[in-house]
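Next comes my_file29.txt, with compact mmCIF, C-alpha atoms and all ligand atoms.
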```txt
# COMPACT_ATOMS: atom_id res chain seq x y z
CA MET H 1 122.15 -78.17 -147.28
CA THR H 2 123.45 -81.48 -145.87
CA ASN H 3 123.83 -82.92 -142.36
CA LEU H 4 120.80 -81.04 -141.10
CA ARG H 5 118.25 -82.80 -138.97
CA LYS H 6 116.16 -81.18 -136.31
CA LEU H 7 116.01 -77.90 -134.45
CA SER H 8 113.62 -77.73 -131.49
CA ALA H 9 112.51 -74.36 -130.16
CA VAL H 10 112.05 -75.12 -126.49
CA GLY H 11 110.08 -72.84 -124.20
CA VAL H 12 111.86 -73.15 -120.86
CA GLY H 13 109.14 -71.44 -118.83
CA PRO H 14 109.32 -68.06 -117.11
CA GLY H 15 112.11 -68.63 -114.62
CA ASP H 16 111.61 -71.57 -112.30
CA ALA H 17 113.66 -74.50 -113.63
CA GLU H 18 110.98 -76.85 -112.26
CA LEU H 19 108.56 -75.45 -114.86
CA ILE H 20 110.37 -76.89 -117.88
CA THR H 21 108.23 -79.59 -119.49
CA LEU H 22 109.48 -83.15 -119.55
CA LYS H 23 109.62 -82.96 -123.35
CA GLY H 24 111.65 -79.74 -123.23
CA PHE H 25 114.00 -81.29 -120.68
CA ARG H 26 114.51 -84.37 -122.86
CA ARG H 27 115.16 -82.24 -125.95
CA LEU H 28 117.71 -80.23 -123.99
CA GLN H 29 119.52 -83.33 -122.81
CA ALA H 30 119.59 -84.85 -126.30
CA ALA H 31 120.85 -81.69 -128.00
CA GLU H 32 124.39 -81.45 -129.28
CA VAL H 33 124.05 -77.67 -129.57
CA VAL H 34 122.01 -75.20 -127.55
CA PHE H 35 121.29 -71.86 -129.22
CA VAL H 36 120.66 -69.02 -126.80
CA PRO H 37 119.25 -65.64 -127.83
CA GLN H 38 121.33 -62.94 -126.17
CA SER H 39 120.37 -59.33 -125.56
CA LYS H 40 122.64 -56.59 -124.26
CA ASP H 41 120.48 -56.08 -121.17
CA GLY H 42 120.85 -59.79 -120.37
CA SER H 43 117.10 -60.54 -120.31
CA MET H 44 117.29 -63.19 -123.01
CA SER H 45 120.28 -65.02 -121.55
CA LEU H 46 118.06 -65.67 -118.55
CA ALA H 47 116.77 -68.63 -120.54
CA HIS H 48 120.30 -70.02 -120.40
CA ARG H 49 120.47 -69.47 -116.65
CA ILE H 50 117.27 -71.48 -116.21
CA VAL H 51 118.59 -74.54 -118.05
CA GLU H 52 122.30 -74.27 -117.24
CA LYS H 53 122.32 -76.98 -114.62
CA HIS H 54 120.65 -79.44 -117.01
CA LEU H 55 123.42 -79.10 -119.61
CA SER H 56 126.61 -81.13 -119.77
CA ASP H 57 130.13 -80.00 -120.68
CA ASP H 58 130.08 -81.73 -124.06
CA GLN H 59 127.10 -79.67 -125.27
CA LEU H 60 128.00 -76.64 -127.34
CA VAL H 61 126.24 -73.42 -126.24
CA VAL H 62 126.05 -70.77 -128.96
CA SER H 63 124.86 -67.23 -128.20
CA LEU H 64 122.89 -65.42 -130.87
CA PRO H 65 123.01 -61.63 -130.40
CA LEU H 66 119.56 -60.08 -130.80
CA PRO H 67 119.17 -56.36 -130.09
CA MET H 68 116.41 -55.09 -127.77
CA THR H 69 115.04 -52.54 -130.21
CA ARG H 70 112.04 -51.88 -132.43
CA ASN H 71 114.25 -50.59 -135.22
CA PRO H 72 113.79 -52.93 -138.22
CA ASP H 73 117.13 -51.76 -139.66
CA LEU H 74 118.79 -53.45 -136.71
CA LEU H 75 116.35 -56.30 -136.12
CA VAL H 76 116.04 -57.75 -139.60
CA PRO H 77 119.82 -58.18 -140.14
CA ALA H 78 120.09 -59.68 -136.63
CA TRP H 79 117.42 -62.28 -137.43
CA GLU H 80 119.16 -63.07 -140.73
CA SER H 81 122.52 -63.43 -138.98
CA ALA H 82 121.00 -65.63 -136.29
CA ALA H 83 119.49 -67.96 -138.91
CA GLU H 84 122.81 -68.09 -140.79
CA ALA H 85 124.73 -68.79 -137.59
CA ILE H 86 122.37 -71.64 -136.65
CA LEU H 87 122.80 -73.28 -140.04
CA GLN H 88 126.55 -72.73 -140.12
CA VAL H 89 127.03 -74.30 -136.66
CA MET H 90 124.74 -77.24 -137.45
CA VAL H 91 126.49 -78.01 -140.72
CA ALA H 92 130.04 -77.49 -139.45
CA ASN H 93 129.45 -79.76 -136.45
CA ARG H 94 127.25 -82.30 -138.26
CA VAL H 95 124.55 -81.65 -135.70
CA THR H 96 121.46 -83.84 -135.82
CA ASN H 97 119.66 -82.41 -132.79
CA ALA H 98 119.83 -78.81 -131.68
CA VAL H 99 117.63 -76.68 -129.47
CA TYR H 100 116.88 -72.98 -129.38
CA ILE H 101 115.80 -71.96 -125.90
CA LEU H 102 113.62 -69.05 -124.90
CA LEU H 103 111.62 -67.79 -121.95
CA GLY H 104 108.03 -68.88 -121.52
CA ASP H 105 106.34 -70.29 -124.60
CA PRO H 106 107.89 -70.00 -128.09
CA MET H 107 104.64 -68.91 -129.75
CA LEU H 108 103.89 -66.03 -127.38
CA TYR H 109 105.97 -62.98 -128.40
CA GLY H 110 108.92 -65.34 -128.88
CA THR H 111 112.15 -64.39 -130.69
CA PHE H 112 112.25 -67.70 -132.51
CA THR H 113 109.30 -66.94 -134.78
CA TYR H 114 111.29 -64.31 -136.73
CA ILE H 115 114.31 -66.59 -137.14
CA TRP H 116 112.07 -69.48 -138.10
CA GLU H 117 110.80 -67.52 -141.12
CA ARG H 118 114.37 -67.10 -142.35
CA LEU H 119 115.31 -70.74 -141.66
CA ALA H 120 112.32 -71.92 -143.66
CA VAL H 121 113.67 -70.07 -146.70
CA MET H 122 117.37 -70.80 -146.19
CA ALA H 123 117.01 -74.48 -145.22
CA PRO H 124 113.58 -75.87 -146.11
CA ASP H 125 114.76 -79.40 -145.23
CA LEU H 126 115.55 -78.52 -141.64
CA GLU H 127 112.91 -80.04 -139.39
CA ILE H 128 111.58 -77.52 -136.91
CA GLU H 129 109.79 -78.60 -133.76
CA ILE H 130 108.10 -76.28 -131.28
CA VAL H 131 108.08 -77.47 -127.68
CA PRO H 132 105.60 -75.35 -125.71
CA GLY H 133 106.46 -73.81 -122.39
CA VAL H 134 104.70 -72.43 -119.34
CA THR H 135 103.94 -68.78 -120.11
CA SER H 136 104.89 -65.94 -117.80
CA PHE H 137 101.24 -65.07 -117.24
CA ALA H 138 100.34 -68.67 -116.32
CA ALA H 139 103.12 -68.65 -113.75
CA THR H 140 102.04 -65.24 -112.41
CA ALA H 141 98.41 -66.36 -112.13
CA ALA H 142 99.52 -69.49 -110.28
CA VAL H 143 101.81 -67.79 -107.81
CA THR H 144 99.35 -64.97 -107.03
CA GLN H 145 96.42 -67.43 -107.02
CA THR H 146 94.56 -65.36 -109.60
CA ILE H 147 91.94 -67.32 -111.52
CA LEU H 148 92.32 -66.12 -115.12
CA SER H 149 88.93 -67.13 -116.44
CA THR H 150 85.86 -69.23 -115.78
CA THR H 151 82.97 -70.26 -118.02
CA ASP H 152 82.28 -67.33 -120.35
CA ASP H 153 84.92 -64.85 -119.17
CA ARG H 154 86.58 -62.90 -121.94
CA LEU H 155 90.34 -62.78 -121.63
CA ALA H 156 92.71 -60.51 -123.55
CA ILE H 157 96.50 -60.42 -123.81
CA LEU H 158 97.96 -57.02 -124.66
CA PRO H 159 101.53 -55.83 -125.32
CA ALA H 160 101.27 -52.83 -122.96
CA SER H 161 104.28 -50.87 -124.20
CA TYR H 162 102.79 -50.85 -127.72
CA GLU H 163 99.38 -49.61 -126.54
CA THR H 164 100.38 -45.97 -126.75
CA ASP H 165 96.89 -44.58 -127.28
CA THR H 166 95.35 -44.18 -123.81
CA ALA H 167 91.79 -44.06 -125.18
CA VAL H 168 92.30 -47.35 -127.05
CA LEU H 169 93.93 -48.96 -124.02
CA GLU H 170 91.09 -47.86 -121.73
CA ASP H 171 88.53 -49.13 -124.22
CA LEU H 172 90.24 -52.53 -124.30
CA LEU H 173 90.51 -52.62 -120.51
CA SER H 174 86.80 -51.99 -120.21
CA ARG H 175 85.78 -54.69 -122.72
CA PHE H 176 87.31 -57.82 -121.16
CA ASP H 177 86.85 -59.66 -117.86
CA THR H 178 90.53 -60.46 -117.55
CA ILE H 179 93.36 -58.53 -119.17
CA ILE H 180 96.99 -59.58 -119.21
CA LEU H 181 99.31 -56.65 -119.85
CA MET H 182 102.67 -57.94 -120.95
CA LYS H 183 105.79 -55.79 -121.62
CA VAL H 184 104.38 -53.43 -119.01
CA GLY H 185 107.42 -52.33 -116.97
CA PRO H 186 108.51 -49.29 -119.03
CA VAL H 187 104.92 -47.94 -119.24
CA LEU H 188 103.71 -49.09 -115.84
CA SER H 189 102.98 -45.61 -114.60
CA GLN H 190 100.61 -44.70 -117.45
CA VAL H 191 98.89 -48.09 -117.33
CA LEU H 192 98.25 -47.80 -113.60
CA GLU H 193 96.77 -44.35 -114.13
CA SER H 194 94.36 -45.79 -116.70
CA LEU H 195 93.43 -48.62 -114.34
CA ASP H 196 92.85 -46.11 -111.56
CA SER H 197 90.62 -43.91 -113.70
CA LEU H 198 88.55 -46.98 -114.68
CA GLY H 199 88.24 -48.08 -111.05
CA LEU H 200 90.25 -51.23 -111.80
CA ILE H 201 93.46 -50.61 -109.92
CA ASP H 202 92.47 -52.83 -107.01
CA LYS H 203 91.78 -55.67 -109.42
CA ALA H 204 95.37 -55.90 -110.67
CA VAL H 205 98.36 -57.98 -109.59
CA TYR H 206 101.93 -57.35 -110.74
CA GLY H 207 104.62 -59.96 -111.45
CA GLU H 208 108.26 -59.22 -112.27
CA ARG H 209 110.87 -61.86 -113.10
CA VAL H 210 108.40 -64.44 -111.84
CA GLY H 211 110.04 -67.70 -110.83
CA MET H 212 113.52 -66.19 -110.77
CA PRO H 213 115.58 -65.39 -107.67
CA GLU H 214 114.83 -61.67 -108.31
CA GLU H 215 111.05 -62.23 -108.40
CA VAL H 216 108.83 -59.30 -107.37
CA LEU H 217 105.11 -59.85 -106.76
CA VAL H 218 102.85 -56.95 -105.83
CA THR H 219 99.16 -57.33 -105.00
CA ASP H 220 98.63 -53.71 -103.90
CA VAL H 221 99.70 -52.16 -107.20
CA ARG H 222 98.93 -48.61 -105.98
CA THR H 223 102.37 -48.84 -104.34
CA LEU H 224 103.88 -48.97 -107.84
CA MET H 225 102.22 -45.78 -109.10
CA GLY H 226 104.73 -43.37 -110.62
CA GLN H 227 107.31 -46.10 -111.13
CA THR H 228 108.83 -47.64 -114.23
CA ARG H 229 109.92 -51.23 -113.80
CA PRO H 230 112.01 -53.74 -115.80
CA TYR H 231 110.83 -55.20 -119.08
CA LEU H 232 110.29 -58.69 -117.65
CA SER H 233 107.09 -57.80 -115.90
CA LEU H 234 103.35 -58.04 -116.38
CA LEU H 235 100.02 -57.12 -114.87
CA VAL H 236 97.00 -59.37 -114.58
CA VAL H 237 93.74 -57.48 -114.21
CA LYS H 238 90.82 -59.65 -113.13
CA LYS H 239 87.47 -57.96 -112.67
C1 LIG L 301 109.28 -61.18 -125.53
S1 LIG L 301 107.97 -61.49 -124.40
C2 LIG L 301 108.23 -63.20 -124.09
C3 LIG L 301 107.00 -63.90 -123.57
C4 LIG L 301 107.25 -65.36 -123.28
N1 LIG L 301 107.50 -66.07 -124.51
C5 LIG L 301 106.11 -66.01 -122.50
O1 LIG L 301 105.60 -67.04 -122.94
O2 LIG L 301 105.75 -65.52 -121.44
C6 LIG L 301 108.60 -60.73 -122.97
C7 LIG L 301 107.50 -60.38 -121.99
O3 LIG L 301 107.09 -61.57 -121.34
C8 LIG L 301 106.80 -61.31 -119.98
N2 LIG L 301 107.69 -62.15 -119.16
C9 LIG L 301 108.52 -63.11 -119.60
N3 LIG L 301 109.10 -63.74 -118.56
C10 LIG L 301 108.61 -63.15 -117.45
C11 LIG L 301 108.80 -63.39 -116.06
N4 LIG L 301 109.62 -64.34 -115.61
N5 LIG L 301 108.12 -62.62 -115.18
C12 LIG L 301 107.26 -61.66 -115.62
N6 LIG L 301 107.04 -61.40 -116.92
C13 LIG L 301 107.70 -62.14 -117.82
C14 LIG L 301 107.00 -59.81 -119.76
O4 LIG L 301 105.75 -59.17 -119.93
C15 LIG L 301 107.95 -59.45 -120.88
O5 LIG L 301 107.85 -58.09 -121.23
```

So that I can check it, write out the structure of this file as structure tokens.
Ligand SMILES: C[S@@+](CC[C@H](N)C(=O)[O-])C[C@H]1O[C@@H](n2cnc3c(N)ncnc32)[C@H](O)[C@@H]1O
Amino acid sequence: MTNLRKLSAVGVGPGDAELITLKGFRRLQAAEVVFVPQSKDGSMSLAHRIVEKHLSDDQLVVSLPLPMTRNPDLLVPAWESAAEAILQVMVANRVTNAVYILLGDPMLYGTFTYIWERLAVMAPDLEIEIVPGVTSFAATAAVTQTILSTTDDRLAILPASYETDTAVLEDLLSRFDTIILMKVGPVLSQVLESLDSLGLIDKAVYGERVGMPEEVLVTDVRTLMGQTRPYLSLLVVKK
């Protein structure tokens, strides 16, 4: 593979354009191409919305369709196609600096990690750089003024919609001082019931689309009982 140089996976933070790091901002400005993961429900293209005003007209923006599904028969080919598309665009345009943008931090449930595996096989000479970003839970903790941990507090991060066994979830909730429940929106109702039965419901705060114009913050989470909410949401439980 020729003409390849560097691809930076840039975490653009959870929503507030002010929360992009200086390094991420510089990588964005230096990039000839910006790769944007795109989902049908639009949640991934939110990363593009965050950085849009920092981009200039001569920068090529390439959308990479990635389905919002757990079905490996759909996901694996999509990751392969995304890796192929990245390489094809970089070679065809003799790109030396490209970025792949994503919400929050690239290493925390980020789409890039799957594509990275394929790129490493398809183009071992391509330099990959990871530029960290402010995570959604860091932003939620800041805006709700929730201290995540002090001294010897045990903190856990859970993917709530994958914790389908209530007994396991309740066991985990009881073991840690602080629990961050990501991907919570679709299962919010069940999770709140578990928190209620453990006497923890008043210890939780809810953040949805934090930092975005559509932000929802709820400190009395009892008001959310019985509801399902969008995917871009999380709970922080601090005992
Ligand atoms: C695929 S993971 C991406 C995590 C992201 N890389 C991060 O560092 O926060 C998607 C989950 O992140 C959380 N999330 C991402 N952005 C968010 C935001 N602006 N507000 C609330 N939750 C968010 C939600 O829990 C969502 O289900």

Write out as a PyMOL selection string the residues lying within 10 Å of stretch 135-141 of chain H, counting only C-alpha atoms and excluding same-chain residues fewer than 5 positions away.
chain H and resi 11-16+19+103-108+146-148+157+180-182+205-211+217+232-236

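You will find atom N4 of ligand LIG 301 (chain L) at 19.9 Å from atom CA of H:Ser189.
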
Find the spatial neighbours of H:Leu198, counting only C-alpha atoms, within a cut-off of 10 Å - ignore same-chain residues fewer than 5 positions away - and output them as number ranges by chain.
H: 170-171, 173-174, 192-193

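Reported to one decimal place, the separation of atom N6 of ligand LIG 301 (chain L) from atom CA of H:Glu18 is 16.6 Å.
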
Sel. within 12 Å of pt (122.4, -54.1, -129.8), counting all atoms listed in the file, output as a ChimeraX atom specification:
/H:38-42,64-71,73-75,77-78
